[in-house]
$ cat protein03.tsv   # TSV, C-alpha atoms
chain	number	residue	atom	x	y	z
A	13	GLU	CA	-12.71	-6.45	5.35
A	14	THR	CA	-10.35	-4.13	7.19
A	15	GLY	CA	-12.84	-1.78	8.83
A	16	VAL	CA	-11.36	1.21	7.00
A	17	THR	CA	-14.00	2.98	4.92
A	18	GLN	CA	-13.47	5.63	2.27
A	19	SER	CA	-15.89	7.92	0.51
A	20	PRO	CA	-16.78	8.54	-2.17
A	21	THR	CA	-15.78	5.45	-4.14
A	22	HIS	CA	-15.59	7.33	-7.44
A	23	LEU	CA	-15.29	10.99	-8.27
A	24	ILE	CA	-14.98	13.00	-11.45
A	25	LYS	CA	-13.62	16.54	-11.36
A	26	THR	CA	-12.31	19.02	-13.87
A	27	ARG	CA	-8.88	20.59	-13.93
A	28	GLY	CA	-8.50	23.46	-11.46
A	29	GLN	CA	-11.23	22.27	-9.11
A	30	GLN	CA	-10.78	21.22	-5.51
A	31	VAL	CA	-11.66	17.84	-4.00
A	32	THR	CA	-12.07	16.36	-0.54
A	33	LEU	CA	-11.76	12.66	0.13
A	34	ARG	CA	-12.78	11.06	3.40
A	35	CYS	CA	-11.59	8.13	5.44
A	36	SER	CA	-12.82	6.45	8.60
A	37	SER	CA	-10.08	4.49	10.27
A	38	GLN	CA	-10.45	1.13	11.91
A	39	SER	CA	-11.66	1.29	15.48
A	40	GLY	CA	-8.79	1.92	17.88
A	41	HIS	CA	-6.38	3.11	15.19
A	42	ASN	CA	-4.92	6.57	15.81
A	43	THR	CA	-2.69	6.83	12.76
A	44	VAL	CA	-3.87	7.42	9.21
A	45	SER	CA	-1.75	7.47	6.08
A	46	TRP	CA	-2.76	8.45	2.57
A	47	TYR	CA	-1.33	6.94	-0.59
A	48	GLN	CA	-1.77	7.78	-4.27
A	49	GLN	CA	-1.84	4.88	-6.72
A	50	ALA	CA	-1.58	5.97	-10.33
A	51	LEU	CA	-2.56	3.54	-13.05
A	52	GLY	CA	0.04	0.80	-13.40
A	53	GLN	CA	2.05	2.00	-10.41
A	54	GLY	CA	2.49	1.07	-6.81
A	55	PRO	CA	1.03	3.27	-4.09
A	56	GLN	CA	3.03	6.41	-3.29
A	57	PHE	CA	3.05	7.84	0.23
A	58	ILE	CA	1.41	11.28	0.49
A	59	PHE	CA	1.37	11.97	4.22
A	60	GLN	CA	0.57	10.57	7.62
A	61	TYR	CA	-1.48	11.89	10.52
A	62	TYR	CA	-1.06	10.89	14.12
A	63	ARG	CA	-3.38	12.23	16.81
A	64	GLU	CA	-4.59	15.07	14.58
A	65	GLU	CA	-1.11	16.23	13.55
A	66	GLU	CA	0.71	15.66	10.27
A	67	ASN	CA	3.89	13.89	11.26
A	68	GLY	CA	5.26	12.80	7.90
A	69	ARG	CA	5.02	13.81	4.27
A	70	GLY	CA	6.08	12.37	0.96
A	71	ASN	CA	7.10	14.13	-2.21
A	72	PHE	CA	3.78	15.86	-2.91
A	73	PRO	CA	3.17	19.60	-3.36
A	74	PRO	CA	1.41	21.75	-0.74
A	75	ARG	CA	-1.85	21.69	-2.68
A	76	PHE	CA	-2.22	18.22	-1.16
A	77	SER	CA	-3.32	18.77	2.41
A	78	GLY	CA	-5.14	16.85	5.08
A	79	LEU	CA	-6.87	16.78	8.39
A	80	GLN	CA	-7.39	14.28	11.14
A	81	PHE	CA	-10.28	14.63	13.53
A	82	PRO	CA	-10.59	13.70	17.23
A	83	ASN	CA	-12.26	10.43	16.28
A	84	TYR	CA	-9.19	9.74	14.08
A	85	SER	CA	-11.10	9.93	10.82
A	86	SER	CA	-9.30	11.87	8.14
A	87	GLU	CA	-9.68	13.98	5.03
A	88	LEU	CA	-7.44	14.47	2.04
A	89	ASN	CA	-7.85	17.76	0.20
A	90	VAL	CA	-6.40	18.49	-3.19
A	91	ASN	CA	-6.55	22.02	-4.60
A	92	ALA	CA	-6.07	23.17	-8.17
A	93	LEU	CA	-6.52	19.71	-9.60
A	94	GLU	CA	-4.28	18.65	-12.43
A	95	LEU	CA	-4.79	15.87	-14.96
A	96	ASP	CA	-1.97	13.87	-13.36
A	97	ASP	CA	-3.88	13.78	-10.09
A	98	SER	CA	-6.12	11.14	-11.63
A	99	ALA	CA	-5.47	8.07	-9.49
A	100	LEU	CA	-6.77	5.73	-6.84
A	101	TYR	CA	-6.36	7.35	-3.42
A	102	LEU	CA	-5.92	4.91	-0.60
A	103	CYS	CA	-6.29	5.53	3.08
A	104	ALA	CA	-4.61	3.23	5.58
A	105	SER	CA	-4.82	3.10	9.33
A	106	SER	CA	-2.61	1.54	11.95
A	107	PRO	CA	-2.90	1.23	15.69
A	108	ASP	CA	0.10	3.23	16.82
A	109	GLY	CA	1.94	6.37	15.87
A	110	ALA	CA	5.06	4.63	14.64
A	111	LEU	CA	3.23	2.84	11.85
A	112	GLY	CA	2.42	-0.59	13.14
A	113	GLU	CA	3.82	-3.63	11.47
A	114	LYS	CA	1.06	-3.72	8.92
A	115	LEU	CA	-1.35	-1.25	7.42
A	116	PHE	CA	-5.09	-1.68	7.09
A	117	PHE	CA	-6.22	-0.21	3.78
A	118	GLY	CA	-9.59	1.04	2.63
A	119	SER	CA	-10.93	0.24	-0.83
A	120	GLY	CA	-9.93	3.64	-2.11
A	121	THR	CA	-11.43	6.57	-3.98
A	122	GLN	CA	-10.97	6.57	-7.73
A	123	LEU	CA	-10.46	10.19	-8.80
A	124	SER	CA	-10.68	11.16	-12.44
A	125	VAL	CA	-9.63	14.66	-13.46
A	126	LEU	CA	-10.85	15.77	-16.88
B	10	ALA	CA	17.17	5.54	-1.32
B	11	GLN	CA	15.47	2.47	0.02
B	12	SER	CA	13.40	0.66	-2.56
B	13	VAL	CA	12.00	-2.61	-3.85
B	14	ALA	CA	11.81	-3.84	-7.41
B	15	GLN	CA	9.40	-6.25	-8.99
B	16	PRO	CA	10.95	-7.30	-12.29
B	17	GLU	CA	7.86	-8.97	-13.75
B	18	ASP	CA	4.77	-7.06	-14.80
B	19	GLN	CA	2.79	-10.27	-15.08
B	20	VAL	CA	3.15	-13.90	-14.06
B	21	ASN	CA	1.06	-16.61	-15.66
B	22	VAL	CA	0.61	-20.00	-14.02
B	23	ALA	CA	-1.81	-22.90	-14.36
B	24	GLU	CA	-4.03	-23.81	-11.47
B	25	GLY	CA	-2.39	-26.41	-9.25
B	26	ASN	CA	1.12	-25.42	-10.23
B	27	PRO	CA	3.53	-23.65	-7.88
B	28	LEU	CA	3.87	-19.90	-8.26
B	29	THR	CA	6.62	-17.41	-7.55
B	30	VAL	CA	6.35	-13.63	-7.66
B	31	LYS	CA	9.74	-11.97	-7.49
B	32	CYS	CA	10.91	-9.02	-5.40
B	33	THR	CA	14.36	-7.62	-4.78
B	34	TYR	CA	15.19	-4.90	-2.30
B	35	SER	CA	17.75	-2.15	-1.83
B	36	VAL	CA	17.91	-1.19	1.82
B	37	SER	CA	20.54	0.11	4.19
B	38	GLY	CA	20.42	-1.80	7.43
B	39	ASN	CA	18.00	-4.58	8.26
B	40	PRO	CA	15.00	-4.62	5.93
B	41	TYR	CA	11.40	-4.81	7.04
B	42	LEU	CA	9.63	-6.33	4.04
B	43	PHE	CA	5.98	-6.88	3.23
B	44	TRP	CA	3.71	-8.42	0.62
B	45	TYR	CA	0.27	-7.01	-0.09
B	46	VAL	CA	-2.39	-8.20	-2.55
B	47	GLN	CA	-4.93	-6.06	-4.39
B	48	TYR	CA	-8.09	-7.51	-5.88
B	49	PRO	CA	-10.13	-5.52	-8.45
B	50	ASN	CA	-11.87	-2.49	-6.94
B	51	ARG	CA	-10.42	-3.26	-3.54
B	52	GLY	CA	-7.73	-1.79	-1.34
B	53	LEU	CA	-4.54	-3.58	-0.47
B	54	GLN	CA	-4.65	-6.56	1.85
B	55	PHE	CA	-1.72	-7.64	3.99
B	56	LEU	CA	-0.30	-11.07	3.17
B	57	LEU	CA	2.87	-11.40	5.20
B	58	LYS	CA	5.91	-9.63	6.59
B	59	TYR	CA	9.56	-10.26	7.33
B	60	ILE	CA	11.04	-8.45	10.29
B	61	THR	CA	13.68	-10.81	11.63
B	62	GLY	CA	14.13	-14.47	12.36
B	63	ASP	CA	13.33	-17.37	10.06
B	64	ASN	CA	14.00	-16.70	6.41
B	65	LEU	CA	10.82	-18.51	5.39
B	66	VAL	CA	7.77	-16.49	6.35
B	67	LYS	CA	4.28	-17.94	6.21
B	68	GLY	CA	1.29	-15.72	5.57
B	69	SER	CA	-2.36	-15.62	4.63
B	70	TYR	CA	-4.12	-17.81	2.05
B	71	GLY	CA	-1.28	-20.36	1.91
B	72	PHE	CA	1.33	-17.88	0.71
B	73	GLU	CA	4.88	-17.80	1.96
B	74	ALA	CA	7.96	-15.76	1.19
B	75	GLU	CA	11.64	-16.49	1.37
B	76	PHE	CA	14.04	-13.83	2.57
B	77	ASN	CA	17.48	-14.18	0.98
B	78	LYS	CA	20.03	-11.69	2.27
B	79	SER	CA	22.81	-12.65	-0.12
B	80	GLN	CA	20.56	-12.16	-3.14
B	81	THR	CA	18.63	-9.25	-1.56
B	82	SER	CA	15.40	-10.96	-2.53
B	83	PHE	CA	12.04	-11.59	-0.93
B	84	HIS	CA	10.11	-13.75	-3.38
B	85	LEU	CA	6.48	-14.66	-2.77
B	86	LYS	CA	5.58	-18.31	-3.25
B	87	LYS	CA	2.68	-20.71	-3.09
B	88	PRO	CA	2.94	-24.48	-3.64
B	89	SER	CA	-0.34	-24.82	-5.54
B	90	ALA	CA	-2.00	-21.86	-7.26
B	91	LEU	CA	-5.74	-21.25	-7.30
B	92	VAL	CA	-7.71	-19.31	-9.89
B	93	SER	CA	-8.87	-17.07	-7.04
B	94	ASP	CA	-5.22	-16.05	-6.43
B	95	SER	CA	-5.39	-13.97	-9.61
B	96	ALA	CA	-4.74	-10.41	-8.46
B	97	LEU	CA	-2.14	-7.65	-8.27
B	98	TYR	CA	0.70	-8.28	-5.83
B	99	PHE	CA	2.90	-5.61	-4.28
B	100	CYS	CA	6.16	-5.96	-2.44
B	101	ALA	CA	6.99	-3.16	0.00
B	102	VAL	CA	9.74	-2.04	2.36
B	103	ARG	CA	9.29	-0.01	5.52
B	104	VAL	CA	11.34	3.19	5.46
B	105	MET	CA	12.07	4.98	8.69
B	106	ASN	CA	12.12	8.78	8.82
B	107	THR	CA	12.36	11.24	11.68
B	108	GLY	CA	9.14	10.87	13.62
B	109	PHE	CA	7.37	8.53	11.24
B	110	GLN	CA	7.65	5.52	9.02
B	111	LYS	CA	6.18	4.79	5.61
B	112	LEU	CA	5.91	1.94	3.14
B	113	VAL	CA	7.65	2.14	-0.22
B	114	PHE	CA	5.97	-0.14	-2.73
B	115	GLY	CA	7.14	-1.81	-5.89
B	116	THR	CA	5.28	-1.34	-9.16
B	117	GLY	CA	3.29	-4.52	-8.71
B	118	THR	CA	3.06	-7.88	-10.46
B	119	ARG	CA	-0.18	-9.12	-11.93
B	120	LEU	CA	-0.70	-12.81	-11.26
B	121	LEU	CA	-2.97	-14.66	-13.66
B	122	VAL	CA	-3.89	-18.22	-12.75
B	123	SER	CA	-5.58	-20.13	-15.53
B	124	PRO	CA	-8.00	-23.02	-14.92
$ encode --input "protein03.tsv" --output "structure tokens"
Amino acid sequence: ETGVTQSPTHLIKTRGQQVTLRCSSQSGHNTVSWYQQALGQGPQFIFQYYREEENGRGNFPPRFSGLQFPNYSSELNVNALELDDSALYLCASSPDGALGEKLFFGSGTQLSVL
Amino acid sequence: AQSVAQPEDQVNVAEGNPLTVKCTYSVSGNPYLFWYVQYPNRGLQFLLKYITGDNLVKGSYGFEAEFNKSQTSFHLKKPSALVSDSALYFCAVRVMNTGFQKLVFGTGTRLLVSP
């Protein structure tokens, strides 16, 4: 186990709704990244937070947003859900702001948009 | 754009036989390459990385990978497969951007080890 926990494990929403996913990073890790893994695909980088600031973003629209808290836990918010947002959302933490040599992943949140 | 490719959707091997999961990369500069494994209903687990140095990298669970610069490959190998090795394997490359770095993953290769 990596020590990275995500909640909830599964979630079902309808198109147009909003969702919040949560992640607790491994103890001592100040950097959190979020990835989207669609069915049959590799994980795609959404964004990264370092010490409560977003310091990097992938090719995702603004309706994907996030937060990082003083204890380095993090949230991923998605507004105006679309069917294509159905995916496994993975949170990963690392111990330094420059993305340490390996990531520690949580088990993910499986989001289904109907 | 920096990327990795995994040409095989699935690899089938009998228990006890050697296994190879293929990965090729397209990177400007020196590549930082990784292998991760994903078991059902689990997140990704780090197996090994290549940063610099020896071309043969040893990792977790008896896996190793060979970095080949001339062929731009980073194939994952294991001398003797176990049924418990059955999982989804991802190759990844670290991409550096201004102020941050990210991993770019391949599409994954499903490894099925039969008893």
$ closest_residue --input "protein03.tsv" --among "B:Lys67, B:Lys87, B:Arg119, B:Lys31" --to "chain A" --atoms "all atoms listed in the file"
B:Arg119
$ closest_atom_pairs --input "protein03.tsv" --of "chain B" --to "chain A" --cutoff "12 Å" --atoms "all atoms listed in the file" --output "JSON lines"
{"residue": "B:Ser12", "atom": "CA", "partner": "A:Gly54", "partner_atom": "CA", "distance": 11.7}
{"residue": "B:Val13", "atom": "CA", "partner": "A:Gly54", "partner_atom": "CA", "distance": 10.6}
{"residue": "B:Ala14", "atom": "CA", "partner": "A:Gly54", "partner_atom": "CA", "distance": 10.6}
{"residue": "B:Gln15", "atom": "CA", "partner": "A:Gly54", "partner_atom": "CA", "distance": 10.3}
{"residue": "B:Asp18", "atom": "CA", "partner": "A:Gly52", "partner_atom": "CA", "distance": 9.3}
{"residue": "B:Gln19", "atom": "CA", "partner": "A:Gly52", "partner_atom": "CA", "distance": 11.5}
{"residue": "B:Tyr41", "atom": "CA", "partner": "A:Glu113", "partner_atom": "CA", "distance": 8.9}
{"residue": "B:Leu42", "atom": "CA", "partner": "A:Glu113", "partner_atom": "CA", "distance": 9.8}
{"residue": "B:Phe43", "atom": "CA", "partner": "A:Lys114", "partner_atom": "CA", "distance": 8.2}
{"residue": "B:Trp44", "atom": "CA", "partner": "A:Lys114", "partner_atom": "CA", "distance": 9.9}
{"residue": "B:Tyr45", "atom": "CA", "partner": "A:Leu115", "partner_atom": "CA", "distance": 9.6}
{"residue": "B:Val46", "atom": "CA", "partner": "A:Phe117", "partner_atom": "CA", "distance": 10.9}
{"residue": "B:Gln47", "atom": "CA", "partner": "A:Ser119", "partner_atom": "CA", "distance": 9.4}
{"residue": "B:Tyr48", "atom": "CA", "partner": "A:Ser119", "partner_atom": "CA", "distance": 9.7}
{"residue": "B:Pro49", "atom": "CA", "partner": "A:Ser119", "partner_atom": "CA", "distance": 9.6}
{"residue": "B:Asn50", "atom": "CA", "partner": "A:Ser119", "partner_atom": "CA", "distance": 6.8}
{"residue": "B:Arg51", "atom": "CA", "partner": "A:Ser119", "partner_atom": "CA", "distance": 4.5}
{"residue": "B:Gly52", "atom": "CA", "partner": "A:Ser119", "partner_atom": "CA", "distance": 3.8}
{"residue": "B:Leu53", "atom": "CA", "partner": "A:Phe117", "partner_atom": "CA", "distance": 5.7}
{"residue": "B:Gln54", "atom": "CA", "partner": "A:Phe117", "partner_atom": "CA", "distance": 6.8}
{"residue": "B:Phe55", "atom": "CA", "partner": "A:Lys114", "partner_atom": "CA", "distance": 6.9}
{"residue": "B:Leu56", "atom": "CA", "partner": "A:Lys114", "partner_atom": "CA", "distance": 9.4}
{"residue": "B:Leu57", "atom": "CA", "partner": "A:Lys114", "partner_atom": "CA", "distance": 8.7}
{"residue": "B:Lys58", "atom": "CA", "partner": "A:Lys114", "partner_atom": "CA", "distance": 8.0}
{"residue": "B:Tyr59", "atom": "CA", "partner": "A:Glu113", "partner_atom": "CA", "distance": 9.7}
{"residue": "B:Ile60", "atom": "CA", "partner": "A:Glu113", "partner_atom": "CA", "distance": 8.8}
{"residue": "B:Leu97", "atom": "CA", "partner": "A:Gly54", "partner_atom": "CA", "distance": 10.0}
{"residue": "B:Tyr98", "atom": "CA", "partner": "A:Gly54", "partner_atom": "CA", "distance": 9.6}
{"residue": "B:Phe99", "atom": "CA", "partner": "A:Gly54", "partner_atom": "CA", "distance": 7.2}
{"residue": "B:Cys100", "atom": "CA", "partner": "A:Gly54", "partner_atom": "CA", "distance": 9.1}
{"residue": "B:Ala101", "atom": "CA", "partner": "A:Gly54", "partner_atom": "CA", "distance": 9.2}
{"residue": "B:Val102", "atom": "CA", "partner": "A:Glu113", "partner_atom": "CA", "distance": 11.0}
{"residue": "B:Arg103", "atom": "CA", "partner": "A:Glu113", "partner_atom": "CA", "distance": 8.9}
{"residue": "B:Val104", "atom": "CA", "partner": "A:Leu111", "partner_atom": "CA", "distance": 10.3}
{"residue": "B:Met105", "atom": "CA", "partner": "A:Ala110", "partner_atom": "CA", "distance": 9.2}
{"residue": "B:Asn106", "atom": "CA", "partner": "A:Gly68", "partner_atom": "CA", "distance": 8.0}
{"residue": "B:Thr107", "atom": "CA", "partner": "A:Gly68", "partner_atom": "CA", "distance": 8.2}
{"residue": "B:Gly108", "atom": "CA", "partner": "A:Asn67", "partner_atom": "CA", "distance": 6.5}
{"residue": "B:Phe109", "atom": "CA", "partner": "A:Ala110", "partner_atom": "CA", "distance": 5.7}
{"residue": "B:Gln110", "atom": "CA", "partner": "A:Leu111", "partner_atom": "CA", "distance": 5.9}
{"residue": "B:Lys111", "atom": "CA", "partner": "A:Phe57", "partner_atom": "CA", "distance": 6.9}
{"residue": "B:Leu112", "atom": "CA", "partner": "A:Phe57", "partner_atom": "CA", "distance": 7.2}
{"residue": "B:Val113", "atom": "CA", "partner": "A:Gln56", "partner_atom": "CA", "distance": 7.0}
{"residue": "B:Phe114", "atom": "CA", "partner": "A:Gly54", "partner_atom": "CA", "distance": 5.5}
{"residue": "B:Gly115", "atom": "CA", "partner": "A:Gly54", "partner_atom": "CA", "distance": 5.5}
{"residue": "B:Thr116", "atom": "CA", "partner": "A:Gly54", "partner_atom": "CA", "distance": 4.4}
{"residue": "B:Gly117", "atom": "CA", "partner": "A:Gly54", "partner_atom": "CA", "distance": 6.0}
{"residue": "B:Thr118", "atom": "CA", "partner": "A:Gly52", "partner_atom": "CA", "distance": 9.6}
{"residue": "B:Arg119", "atom": "CA", "partner": "A:Gly52", "partner_atom": "CA", "distance": 10.0}
$ atom_distance --input "protein03.tsv" --atom1 "CA of Asn64 (chain B)" --atom2 "CA of Ser106 (chain A)"
25.3 Å
$ axis_aligned_box --input "protein03.tsv" --around "region 72-82 of chain B" --padding-each-side "6 Å" --output "lines of an AutoDock Vina configuration file"
center_x = 12.1
center_y = -13.6
center_z = -0.3
size_x = 33.5
size_y = 20.6
size_z = 17.7
$ residues_around --input "protein03.tsv" --residues "region 76-85 of chain A" --least-positions-apart "6" --cutoff "6 Å" --atoms "all atoms listed in the file" --output "list in words"
Cys35, Ser36, Ser37, Asn42 and Glu64 of chain A
$ atom_distance --input "protein03.tsv" --atom1 "CA of Asn89 (chain A)" --atom2 "CA of Asn71 (chain A)"
15.6 Å
$ closest_residue --input "protein03.tsv" --among "B:Leu65, B:Gln11, B:Pro16, B:Ala23" --to "Pro124 (chain B)" --atoms "only C-alpha atoms"
B:Ala23
$ atom_distance --input "protein03.tsv" --atom1 "CA of Thr43 (chain A)" --atom2 "CA of Val31 (chain A)"
22.0 Å
$ closest_residue --input "protein03.tsv" --among "A:Gln48, A:Gln38, A:Gln18, A:Ser124" --to "Glu94 (chain A)" --atoms "all atoms listed in the file"
A:Ser124
$ closest_residue --input "protein03.tsv" --among "A:Gly40, A:Arg27, A:Leu33, A:Arg63" --to "Gly15 (chain A)" --atoms "only C-alpha atoms"
A:Gly40
